[in-house]
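> So here's model.cif, just mmCIF, C-alpha atoms and all ligand atoms:
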```
data_structure
loop_
_atom_site.label_atom_id
_atom_site.label_comp_id
_atom_site.auth_asym_id
_atom_site.auth_seq_id
_atom_site.Cartn_x
_atom_site.Cartn_y
_atom_site.Cartn_z
CA MET A 1 67.00 153.98 121.24
CA SER A 2 69.95 156.36 121.20
CA LEU A 3 72.57 155.35 118.65
CA SER A 4 75.55 157.12 117.13
CA LEU A 5 75.95 156.46 113.42
CA LEU A 6 78.69 156.94 110.87
CA LEU A 7 77.31 156.84 107.33
CA VAL A 8 79.99 156.43 104.68
CA GLY A 9 78.50 157.49 101.35
CA SER A 10 75.42 159.65 101.10
CA GLY A 11 74.31 158.87 97.54
CA LYS A 12 71.00 157.42 96.39
CA MET A 13 70.82 154.62 98.95
CA GLY A 14 72.54 156.53 101.76
CA GLN A 15 70.06 159.38 101.48
CA ALA A 16 67.09 157.01 101.28
CA MET A 17 68.17 155.51 104.62
CA LEU A 18 69.03 158.78 106.34
CA GLY A 19 65.52 160.17 106.06
CA GLY A 20 64.06 157.05 107.63
CA TRP A 21 66.50 157.03 110.52
CA ILE A 22 65.89 160.64 111.39
CA ASP A 23 62.10 160.12 111.22
CA HIS A 24 62.67 157.09 113.48
CA GLN A 25 64.12 159.24 116.24
CA VAL A 26 67.80 158.91 115.54
CA ASP A 27 69.03 162.35 116.55
CA PRO A 28 70.70 163.82 113.42
CA ALA A 29 73.29 165.32 115.75
CA ASN A 30 74.38 161.72 116.43
CA ILE A 31 74.90 161.00 112.73
CA VAL A 32 78.18 161.81 111.02
CA VAL A 33 78.05 161.53 107.23
CA ILE A 34 81.17 161.24 105.07
CA ASP A 35 80.86 162.02 101.38
CA PRO A 36 83.29 163.82 99.07
CA ASN A 37 80.40 164.69 96.76
CA SER A 38 79.35 168.13 98.02
CA GLU A 39 75.90 167.94 96.44
CA ASN A 40 75.12 164.66 98.21
CA LEU A 41 76.69 165.87 101.44
CA ALA A 42 74.46 168.96 101.32
CA VAL A 43 71.39 166.71 101.58
CA ALA A 44 72.73 165.19 104.81
CA LEU A 45 73.59 168.63 106.20
CA LYS A 46 70.09 169.87 105.41
CA LEU A 47 68.70 166.99 107.48
CA GLY A 48 70.77 168.24 110.44
CA CYS A 49 73.54 165.61 110.31
CA ARG A 50 77.20 166.41 110.81
CA GLY A 51 78.69 166.22 107.32
CA ILE A 52 82.33 165.89 106.34
CA GLY A 53 84.13 165.35 103.06
CA ALA A 54 86.70 162.78 104.23
CA ALA A 55 87.30 160.30 107.03
CA SER A 56 90.26 162.40 108.23
CA GLU A 57 87.72 164.98 109.44
CA ILE A 58 85.84 162.63 111.78
CA PRO A 59 85.63 164.41 115.15
CA THR A 60 88.11 162.78 117.56
CA ASP A 61 85.47 162.43 120.28
CA PHE A 62 83.05 160.60 117.94
CA LYS A 63 82.73 156.88 118.55
CA PRO A 64 80.02 155.35 116.35
CA ASP A 65 77.90 152.47 117.60
CA VAL A 66 77.26 151.58 113.96
CA ILE A 67 79.18 152.33 110.77
CA VAL A 68 77.07 151.97 107.62
CA LEU A 69 79.12 151.55 104.45
CA ALA A 70 77.13 152.83 101.46
CA VAL A 71 79.78 153.40 98.83
CA LYS A 72 80.08 151.60 95.51
CA PRO A 73 81.49 148.06 95.73
CA GLN A 74 84.21 149.05 93.26
CA ILE A 75 85.81 151.40 95.82
CA ILE A 76 84.89 149.77 99.09
CA SER A 77 88.23 148.01 99.58
CA ASP A 78 90.00 151.37 99.34
CA VAL A 79 87.96 152.93 102.14
CA LEU A 80 88.04 150.03 104.62
CA PRO A 81 91.48 150.54 106.24
CA THR A 82 90.35 153.98 107.47
CA PHE A 83 87.70 152.41 109.69
CA ARG A 84 89.71 149.54 111.17
CA ALA A 85 90.28 151.30 114.49
CA TYR A 86 86.52 151.72 115.03
CA ALA A 87 85.78 148.09 114.16
CA GLU A 88 88.52 146.98 116.56
CA THR A 89 87.03 148.98 119.39
CA GLY A 90 83.51 147.62 119.07
CA SER A 91 81.68 149.55 116.36
CA LEU A 92 79.31 147.37 114.36
CA VAL A 93 80.01 147.53 110.62
CA VAL A 94 76.97 147.26 108.32
CA SER A 95 77.75 147.11 104.61
CA ILE A 96 75.10 147.50 101.94
CA ALA A 97 77.57 147.12 99.06
CA ALA A 98 76.34 144.68 96.42
CA GLY A 99 78.46 141.56 96.14
CA THR A 100 81.08 142.46 98.73
CA ARG A 101 81.59 139.43 100.98
CA ILE A 102 81.74 139.47 104.76
CA ALA A 103 85.22 137.93 104.39
CA THR A 104 86.41 141.14 102.73
CA PHE A 105 85.50 143.10 105.87
CA GLU A 106 87.00 140.49 108.19
CA ALA A 107 90.22 140.68 106.18
CA ALA A 108 90.29 144.46 106.52
CA PHE A 109 89.10 144.78 110.13
CA GLY A 110 90.34 141.59 111.79
CA GLU A 111 88.52 138.30 112.08
CA THR A 112 86.67 139.21 115.26
CA ALA A 113 85.10 142.40 113.87
CA ALA A 114 81.29 142.51 114.05
CA VAL A 115 79.99 142.74 110.48
CA ILE A 116 76.53 142.62 108.95
CA ARG A 117 76.05 142.42 105.22
CA ALA A 118 72.71 144.02 104.39
CA MET A 119 70.77 144.57 101.18
CA PRO A 120 68.14 147.32 101.19
CA ASN A 121 66.26 148.82 98.25
CA THR A 122 65.26 152.36 97.31
CA PRO A 123 61.62 152.20 98.50
CA ALA A 124 63.39 152.74 101.84
CA ALA A 125 63.02 156.43 100.96
CA VAL A 126 59.28 156.08 101.64
CA HIS A 127 59.70 153.61 104.55
CA GLN A 128 58.71 150.69 102.33
CA GLY A 129 62.06 149.11 101.67
CA MET A 130 62.90 145.42 101.93
CA ILE A 131 66.12 144.82 103.81
CA VAL A 132 67.81 141.45 104.17
CA CYS A 133 70.57 141.21 106.79
CA CYS A 134 73.24 138.56 107.23
CA PRO A 135 75.47 138.77 110.33
CA ASN A 136 78.88 137.26 110.95
CA PRO A 137 79.35 135.24 114.18
CA HIS A 138 80.86 138.19 116.06
CA VAL A 139 77.72 140.32 115.99
CA SER A 140 76.32 140.46 119.54
CA LEU A 141 72.60 140.32 120.27
CA VAL A 142 72.68 143.99 121.20
CA GLN A 143 74.36 144.87 117.91
CA LYS A 144 71.87 142.74 115.97
CA ASN A 145 69.05 144.62 117.70
CA HIS A 146 70.66 147.94 116.80
CA CYS A 147 70.81 146.98 113.12
CA ASP A 148 67.29 145.55 113.19
CA TRP A 149 65.94 148.76 114.75
CA LEU A 150 67.71 150.91 112.15
CA MET A 151 66.51 148.83 109.23
CA ARG A 152 62.92 148.64 110.49
CA ALA A 153 62.91 152.45 110.27
CA ILE A 154 63.11 152.12 106.50
CA GLY A 155 61.05 149.02 105.76
CA SER A 156 60.57 145.31 106.35
CA VAL A 157 63.51 143.25 107.60
CA ALA A 158 64.48 139.61 107.07
CA TRP A 159 67.52 137.97 108.69
CA ILE A 160 69.39 135.12 107.04
CA GLU A 161 72.36 133.06 108.18
CA ASP A 162 73.50 131.80 104.77
CA GLU A 163 75.54 134.53 103.10
CA GLY A 164 75.41 132.54 99.87
CA LEU A 165 71.83 133.75 99.43
CA MET A 166 72.79 137.43 99.41
CA ASP A 167 73.56 137.56 95.68
CA ALA A 168 70.09 136.26 94.81
CA VAL A 169 68.57 138.66 97.36
CA THR A 170 70.40 141.46 95.55
CA GLY A 171 69.18 140.21 92.17
CA LEU A 172 65.58 140.05 93.38
CA SER A 173 64.84 142.78 95.94
CA GLY A 174 67.94 145.01 95.78
CA SER A 175 67.62 145.55 92.04
CA GLY A 176 63.90 144.69 91.92
CA PRO A 177 62.49 148.23 92.15
CA ALA A 178 64.17 148.97 88.81
CA TYR A 179 62.31 146.06 87.19
CA VAL A 180 59.02 147.42 88.48
CA PHE A 181 59.82 150.98 87.38
CA TYR A 182 60.63 149.61 83.94
CA MET A 183 57.30 147.82 83.94
CA VAL A 184 55.61 151.18 84.58
CA GLU A 185 57.57 152.63 81.67
CA ALA A 186 56.64 149.71 79.40
CA MET A 187 52.96 149.80 80.39
CA THR A 188 52.90 153.56 79.72
CA ALA A 189 54.45 153.11 76.28
CA ALA A 190 52.03 150.28 75.50
CA GLY A 191 49.09 152.47 76.56
CA VAL A 192 50.26 155.26 74.26
CA GLN A 193 50.67 152.72 71.48
CA ALA A 194 47.07 151.61 72.10
CA GLY A 195 45.88 155.19 71.58
CA LEU A 196 45.89 156.83 75.05
CA PRO A 197 47.21 160.36 75.61
CA GLU A 198 50.65 160.08 77.32
CA GLU A 199 49.65 161.88 80.51
CA LEU A 200 46.71 159.56 81.05
CA ALA A 201 48.82 156.48 80.20
CA ILE A 202 51.42 157.52 82.83
CA GLN A 203 48.72 157.95 85.46
CA LEU A 204 47.09 154.61 84.64
CA ALA A 205 50.37 152.69 84.67
CA GLN A 206 51.62 154.28 87.91
CA GLU A 207 48.39 153.89 89.83
CA THR A 208 47.82 150.34 88.59
CA VAL A 209 51.27 149.22 89.78
CA ALA A 210 50.97 151.12 93.08
CA GLY A 211 47.42 149.84 93.68
CA ALA A 212 48.31 146.24 92.83
CA GLY A 213 51.36 146.54 95.14
CA ALA A 214 49.21 147.77 98.03
CA LEU A 215 46.63 145.03 97.40
CA VAL A 216 49.13 142.17 97.23
CA ARG A 217 50.64 143.36 100.51
CA GLN A 218 47.37 143.91 102.39
CA SER A 219 45.27 141.05 101.08
CA ASP A 220 45.21 137.59 102.65
CA GLU A 221 45.07 136.11 99.16
CA THR A 222 48.14 135.02 97.19
CA ALA A 223 49.36 136.93 94.15
CA ALA A 224 48.15 134.04 91.99
CA GLN A 225 44.64 134.26 93.47
CA LEU A 226 44.57 138.05 93.11
CA ARG A 227 45.50 137.58 89.45
CA LYS A 228 42.68 135.08 89.02
CA ASN A 229 40.27 137.56 90.65
CA VAL A 230 40.97 140.00 87.80
CA THR A 231 40.65 137.39 85.08
CA SER A 232 37.09 136.86 83.83
CA PRO A 233 36.60 133.71 81.72
CA ASN A 234 37.15 134.59 78.11
CA GLY A 235 37.53 138.26 79.03
CA THR A 236 40.12 140.97 78.38
CA THR A 237 42.64 139.94 81.06
CA ALA A 238 42.70 136.37 79.80
CA ALA A 239 43.57 137.71 76.36
CA GLY A 240 46.39 139.85 77.79
CA LEU A 241 47.74 137.11 80.06
CA GLU A 242 47.90 134.66 77.20
CA VAL A 243 50.74 136.82 75.87
CA LEU A 244 52.34 137.72 79.21
CA MET A 245 52.28 134.16 80.59
CA ASN A 246 53.56 132.46 77.47
CA GLU A 247 55.88 129.68 78.64
CA LYS A 248 58.61 130.57 76.17
CA SER A 249 58.33 134.31 75.47
CA GLY A 250 56.36 135.55 78.50
CA LEU A 251 57.35 137.38 81.65
CA GLY A 252 58.15 134.17 83.60
CA PRO A 253 61.22 133.10 81.61
CA LEU A 254 62.22 136.74 81.12
CA MET A 255 62.11 137.45 84.86
CA GLU A 256 64.08 134.28 85.53
CA LYS A 257 66.82 135.49 83.18
CA THR A 258 66.67 139.01 84.64
CA VAL A 259 67.13 137.94 88.26
CA ALA A 260 69.78 135.39 87.25
CA ALA A 261 71.78 138.08 85.40
CA ALA A 262 71.65 140.42 88.41
CA THR A 263 72.59 137.58 90.76
CA ILE A 264 75.59 136.66 88.62
CA ARG A 265 76.69 140.32 88.55
CA SER A 266 76.46 140.47 92.35
CA LYS A 267 78.74 137.42 92.55
CA GLU A 268 81.16 139.08 90.12
CA LEU A 269 81.26 142.28 92.19
CA GLY A 270 82.41 140.20 95.15
N1 LIG A 301 71.00 152.33 94.57
C1 LIG A 301 70.39 151.24 95.03
O1 LIG A 301 69.22 150.98 94.71
C2 LIG A 301 71.09 150.31 95.97
C3 LIG A 301 72.44 150.41 96.22
N2 LIG A 301 73.06 149.53 97.07
C4 LIG A 301 74.48 149.66 97.35
O2 LIG A 301 74.67 150.90 98.00
C5 LIG A 301 75.94 151.42 97.69
C6 LIG A 301 75.80 152.86 97.22
O3 LIG A 301 75.01 152.86 96.05
P1 LIG A 301 74.31 154.21 95.56
O4 LIG A 301 73.81 154.97 96.73
O5 LIG A 301 73.39 153.81 94.48
O6 LIG A 301 75.58 154.95 94.93
P2 LIG A 301 75.84 156.51 94.79
O7 LIG A 301 76.94 156.66 93.79
O8 LIG A 301 74.54 157.22 94.57
O9 LIG A 301 76.39 156.92 96.24
C7 LIG A 301 77.69 156.67 96.70
C8 LIG A 301 78.20 157.94 97.34
O10 LIG A 301 79.45 157.64 97.96
C9 LIG A 301 80.33 158.73 97.66
N3 LIG A 301 81.72 158.35 97.88
C10 LIG A 301 82.68 158.06 96.96
N4 LIG A 301 83.85 157.82 97.59
C11 LIG A 301 83.62 157.95 98.93
C12 LIG A 301 84.44 157.83 100.09
N5 LIG A 301 85.72 157.50 100.02
N6 LIG A 301 83.87 158.04 101.30
C13 LIG A 301 82.57 158.36 101.40
N7 LIG A 301 81.75 158.49 100.33
C14 LIG A 301 82.26 158.29 99.11
C15 LIG A 301 79.97 159.05 96.24
O11 LIG A 301 80.53 160.28 95.84
P3 LIG A 301 80.77 160.50 94.24
O12 LIG A 301 79.42 160.71 93.64
O13 LIG A 301 81.64 161.73 94.20
O14 LIG A 301 81.47 159.28 93.75
C16 LIG A 301 78.45 159.06 96.32
O15 LIG A 301 77.97 160.28 96.83
C17 LIG A 301 76.55 150.49 96.63
O16 LIG A 301 77.49 149.64 97.24
C18 LIG A 301 75.36 149.68 96.12
O17 LIG A 301 75.75 148.38 95.74
C19 LIG A 301 72.37 148.56 97.74
C20 LIG A 301 71.04 148.44 97.54
C21 LIG A 301 70.28 149.25 96.61
O1 LIG A 302 72.71 148.13 90.72
C1 LIG A 302 73.38 147.89 91.73
O2 LIG A 302 74.50 147.34 91.63
C2 LIG A 302 72.84 148.26 93.08
C3 LIG A 302 72.75 147.06 93.99
C4 LIG A 302 71.30 146.76 94.10
C5 LIG A 302 70.64 147.89 93.49
N1 LIG A 302 71.50 148.72 92.98
#
```
Could you rewrite the structure in this file as structure tokens?
Ligand SMILES: NC(=O)C1=CN([C@@H]2O[C@H](COP(=O)(O)OP(=O)(O)OC[C@H]3O[C@@H](n4cnc5c(N)ncnc54)[C@H](OP(=O)(O)O)[C@@H]3O)[C@@H](O)[C@H]2O)C=CC1
Ligand SMILES: O=C(O)[C@@H]1CCC=N1

Amino acid sequence: MSLSLLLVGSGKMGQAMLGGWIDHQVDPANIVVIDPNSENLAVALKLGCRGIGAASEIPTDFKPDVIVLAVKPQIISDVLPTFRAYAETGSLVVSIAAGTRIATFEAAFGETAAVIRAMPNTPAAVHQGMIVCCPNPHVSLVQKNHCDWLMRAIGSVAWIEDEGLMDAVTGLSGSGPAYVFYMVEAMTAAGVQAGLPEELAIQLAQETVAGAGALVRQSDETAAQLRKNVTSPNGTTAAGLEVLMNEKSGLGPLMEKTVAAATIRSKELG
């Protein structure tokens, strides 16, 4: 597929997506990246993209099939008016900004603009992201396929119709990698506390999380069954899980509060 792309914001998430697109045969010469942060722009330039510091420098002959908005939600409203002309002339707008509602884009670009609100996560950098996409009614089948193709370059894709779910998606899979990274940190610290040298504790925590992640994805068994497979009657895992699965103080209620807090913040950002 030959697509022209305008990426607005080449920070952590923008860069994670760029690598995947270029590996997925999007010609970097067909990607224009806007970012005022010269360090972040340098990454895009190194990948062979056309990089500019401001929208005013967009080449006049460049007409993007897709504009991906990857700037912070706090500034997104300021940047939208710049791209109205593209949206009016048929460019698909894909926003990954947490919280920002499709209605915000329709207000800025006109009600018939084609807009997809998407939520990726940083494992996109290693082609293992989870991306949930929610289109407005003006997205054509061709445009939907363009977005689907782009997002499949960086991970697994789910489409939803109900935009109301996007805040919970953000709280679970958008923010989720951070919860898992923190789990690695906490397991490492706990291993050190239990007497392991730090280097070994880091290796054990990282490989255990990565290995369990690979197994839960590849196995036909559910996560619950895989957990049971580790748990010998009256053994070590049972002793550990008695703490972790405590109904009041265990990971279950804590994770519920964690995802709820992130979901509420996503709503607030909108
Ligand atoms: N990080 C993540 O895991 C995820 C992030 N998101 C969403 O992605 C978006 C970007 O997040 P993230 O990559 O973490 O943020 P970053 O701050 O890492 O990246 C944003 C980039 O946009 C640049 N920028 C600022 N103003 C403009 C402008 N007017 N035009 C173009 N670029 C501009 C910033 O420059 P400067 O540094 O100078 O401000 C920065 O380089 C957010 O909306 C976030 O909600 C979604 C899913 C996951
Ligand atoms: O923390 C944030 O707001 C962004 C959105 C999802 C992940 N990072």
> Using only C-alpha atoms, which residues sit within 8 Å of stretch 140-144 of chain A once same-chain residues fewer than 5 positions away are excluded, as JSON, numbers by chain?
{"A": [92, 114, 135]}
> Pull C-alpha atoms from the residues just selected and write them as a PDB file, keeping the file's coordinate frame.

```pdb
ATOM      1  CA  LEU A  92      79.310 147.370 114.360  1.00  0.00           C
ATOM      2  CA  ALA A 114      81.290 142.510 114.050  1.00  0.00           C
ATOM      3  CA  PRO A 135      75.470 138.770 110.330  1.00  0.00           C
TER       4      PRO A 135
END
```
> Using all atoms listed in the file for the distances, tell me which of A:Ala224, A:Thr60, A:Ile52, A:Glu163 is nearest to A:Ala103.
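For A:Ala103, the nearest of the given residues is A:Glu163.
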> In Å, rounded to a single decimal, give me how far atom CA of A:Met119 is from atom C3 of ligand LIG 302 (chain A).
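So the answer is 7.9 Å.
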> Dump the neighbourhood of ligand LIG 301 (chain A) as a PDB file with C-alpha atoms, in the frame of the given file: all residues within 7 Å, distances computed on all atoms listed in the file.

```
ATOM      1  CA  VAL A   8      79.990 156.430 104.680  1.00  0.00           C
ATOM      2  CA  GLY A   9      78.500 157.490 101.350  1.00  0.00           C
ATOM      3  CA  SER A  10      75.420 159.650 101.100  1.00  0.00           C
ATOM      4  CA  GLY A  11      74.310 158.870  97.540  1.00  0.00           C
ATOM      5  CA  LYS A  12      71.000 157.420  96.390  1.00  0.00           C
ATOM      6  CA  MET A  13      70.820 154.620  98.950  1.00  0.00           C
ATOM      7  CA  GLY A  14      72.540 156.530 101.760  1.00  0.00           C
ATOM      8  CA  ILE A  34      81.170 161.240 105.070  1.00  0.00           C
ATOM      9  CA  ASP A  35      80.860 162.020 101.380  1.00  0.00           C
ATOM     10  CA  PRO A  36      83.290 163.820  99.070  1.00  0.00           C
ATOM     11  CA  ASN A  37      80.400 164.690  96.760  1.00  0.00           C
ATOM     12  CA  ASN A  40      75.120 164.660  98.210  1.00  0.00           C
ATOM     13  CA  ALA A  54      86.700 162.780 104.230  1.00  0.00           C
ATOM     14  CA  ALA A  70      77.130 152.830 101.460  1.00  0.00           C
ATOM     15  CA  VAL A  71      79.780 153.400  98.830  1.00  0.00           C
ATOM     16  CA  LYS A  72      80.080 151.600  95.510  1.00  0.00           C
ATOM     17  CA  PRO A  73      81.490 148.060  95.730  1.00  0.00           C
ATOM     18  CA  ILE A  75      85.810 151.400  95.820  1.00  0.00           C
ATOM     19  CA  VAL A  79      87.960 152.930 102.140  1.00  0.00           C
ATOM     20  CA  ILE A  96      75.100 147.500 101.940  1.00  0.00           C
ATOM     21  CA  ALA A  97      77.570 147.120  99.060  1.00  0.00           C
ATOM     22  CA  ALA A  98      76.340 144.680  96.420  1.00  0.00           C
ATOM     23  CA  MET A 119      70.770 144.570 101.180  1.00  0.00           C
ATOM     24  CA  PRO A 120      68.140 147.320 101.190  1.00  0.00           C
ATOM     25  CA  ASN A 121      66.260 148.820  98.250  1.00  0.00           C
ATOM     26  CA  THR A 122      65.260 152.360  97.310  1.00  0.00           C
ATOM     27  CA  GLY A 174      67.940 145.010  95.780  1.00  0.00           C
ATOM     28  CA  SER A 175      67.620 145.550  92.040  1.00  0.00           C
TER      29      SER A 175
END
```
> Starting from 3 Å padding per side, set up an axis-aligned box that covers all listed atoms of ligand LIG 302 (chain A) and hand over centre and edge lengths in Å, one decimal, as lines of an AutoDock Vina configuration file.

```
center_x = 72.6
center_y = 147.7
center_z = 92.4
size_x = 9.9
size_y = 8.0
size_z = 9.4
```
> For a quick check of understanding, using all atoms listed in the file, which of A:Gly191, A:Gly171, A:Gly270, A:Gly129 has the smallest distance to A:Val157?
A:Gly129
> Separation of atom CA of A:His127 and atom CA of A:Ile22, in Å?
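Separation between atom CA of A:His127 and atom CA of A:Ile22: 11.6 Å.
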> From the set A:Arg84, A:Lys267, A:His24, A:Arg217, which residue has the shortest atom-to-atom contact distance to ligand LIG 302 (chain A), counting all atoms listed in the file?
A:Lys267
> My list of candidates is A:Glu185, A:Asp220, A:Asp61, A:Asp167. Which is closest to ligand LIG 302 (chain A) when distances are computed with only C-alpha atoms and all ligand atoms?
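Ranking A:Glu185, A:Asp220, A:Asp61, A:Asp167 by distance to ligand LIG 302 (chain A), first place goes to A:Asp167.
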> Let me make sure I understand: among A:Ile102, A:Ser156, A:Thr112, A:Val66, which one has the smallest atom-to-atom distance to A:Cys134 if we use only C-alpha atoms?
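Among A:Ile102, A:Ser156, A:Thr112, A:Val66, it is A:Ile102 that comes nearest to A:Cys134.
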> Considering only C-alpha atoms, state which residue in the set A:Gly20, A:Leu80, A:Glu198, A:Ala186 is at the smallest distance from A:Ala55.
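Answer, going by the shortest atom-to-atom distance: A:Leu80.
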> Using all atoms listed in the file, can you list as number ranges by chain the residues within 10 Å of (82.8, 162.5, 117.3)?
A: 4-6, 30-32, 50, 57-64
> Do you have the atom O1 of ligand LIG 302 (chain A)-atom CA of A:Ile116 distance handy?
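Calculated distance between atom O1 of ligand LIG 302 (chain A) and atom CA of A:Ile116 is 19.4 Å.
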> Could you give me, as a ChimeraX atom specification, the residues within 12 Å of A:Gln203, counting only C-alpha atoms and dropping anything in the same chain fewer than 3 positions from it?
/A:184-185,187-189,191-192,196-200,206-211
> Restricted to N, CA and C atoms, what does stretch 92-104 of chain A look like when written out as a PDB file, in the first residue's frame?

```
ATOM      1  N   LEU A  92      -7.700  11.751   5.979  1.00  0.00           N
ATOM      2  CA  LEU A  92      -8.223  11.103   7.187  1.00  0.00           C
ATOM      3  C   LEU A  92      -7.425  11.608   8.383  1.00  0.00           C
ATOM      4  N   VAL A  93      -8.134  11.976   9.459  1.00  0.00           N
ATOM      5  CA  VAL A  93      -7.447  12.419  10.678  1.00  0.00           C
ATOM      6  C   VAL A  93      -7.527  11.296  11.710  1.00  0.00           C
ATOM      7  N   VAL A  94      -6.362  10.844  12.174  1.00  0.00           N
ATOM      8  CA  VAL A  94      -6.307   9.831  13.233  1.00  0.00           C
ATOM      9  C   VAL A  94      -5.668  10.487  14.449  1.00  0.00           C
ATOM     10  N   SER A  95      -6.404  10.539  15.551  1.00  0.00           N
ATOM     11  CA  SER A  95      -5.854  11.124  16.773  1.00  0.00           C
ATOM     12  C   SER A  95      -5.596  10.035  17.804  1.00  0.00           C
ATOM     13  N   ILE A  96      -4.407  10.098  18.407  1.00  0.00           N
ATOM     14  CA  ILE A  96      -4.123   9.137  19.485  1.00  0.00           C
ATOM     15  C   ILE A  96      -4.140   9.841  20.846  1.00  0.00           C
ATOM     16  N   ALA A  97      -4.595  11.082  20.870  1.00  0.00           N
ATOM     17  CA  ALA A  97      -4.558  11.856  22.126  1.00  0.00           C
ATOM     18  C   ALA A  97      -5.524  11.279  23.153  1.00  0.00           C
ATOM     19  N   ALA A  98      -5.031  11.024  24.340  1.00  0.00           N
ATOM     20  CA  ALA A  98      -5.886  10.482  25.404  1.00  0.00           C
ATOM     21  C   ALA A  98      -7.014  11.462  25.698  1.00  0.00           C
ATOM     22  N   GLY A  99      -8.207  10.919  25.830  1.00  0.00           N
ATOM     23  CA  GLY A  99      -9.341  11.727  26.286  1.00  0.00           C
ATOM     24  C   GLY A  99     -10.028  12.566  25.215  1.00  0.00           C
ATOM     25  N   THR A 100      -9.270  13.073  24.253  1.00  0.00           N
ATOM     26  CA  THR A 100      -9.846  14.042  23.315  1.00  0.00           C
ATOM     27  C   THR A 100     -10.926  13.387  22.451  1.00  0.00           C
ATOM     28  N   ARG A 101     -12.127  13.966  22.533  1.00  0.00           N
ATOM     29  CA  ARG A 101     -13.311  13.374  21.891  1.00  0.00           C
ATOM     30  C   ARG A 101     -13.336  13.629  20.380  1.00  0.00           C
ATOM     31  N   ILE A 102     -13.981  12.739  19.675  1.00  0.00           N
ATOM     32  CA  ILE A 102     -14.164  12.912  18.225  1.00  0.00           C
ATOM     33  C   ILE A 102     -14.863  14.248  17.958  1.00  0.00           C
ATOM     34  N   ALA A 103     -15.786  14.624  18.849  1.00  0.00           N
ATOM     35  CA  ALA A 103     -16.528  15.880  18.655  1.00  0.00           C
ATOM     36  C   ALA A 103     -15.589  17.095  18.615  1.00  0.00           C
ATOM     37  N   THR A 104     -14.488  17.015  19.325  1.00  0.00           N
ATOM     38  CA  THR A 104     -13.517  18.121  19.314  1.00  0.00           C
ATOM     39  C   THR A 104     -12.953  18.307  17.906  1.00  0.00           C
TER      40      THR A 104
END
```
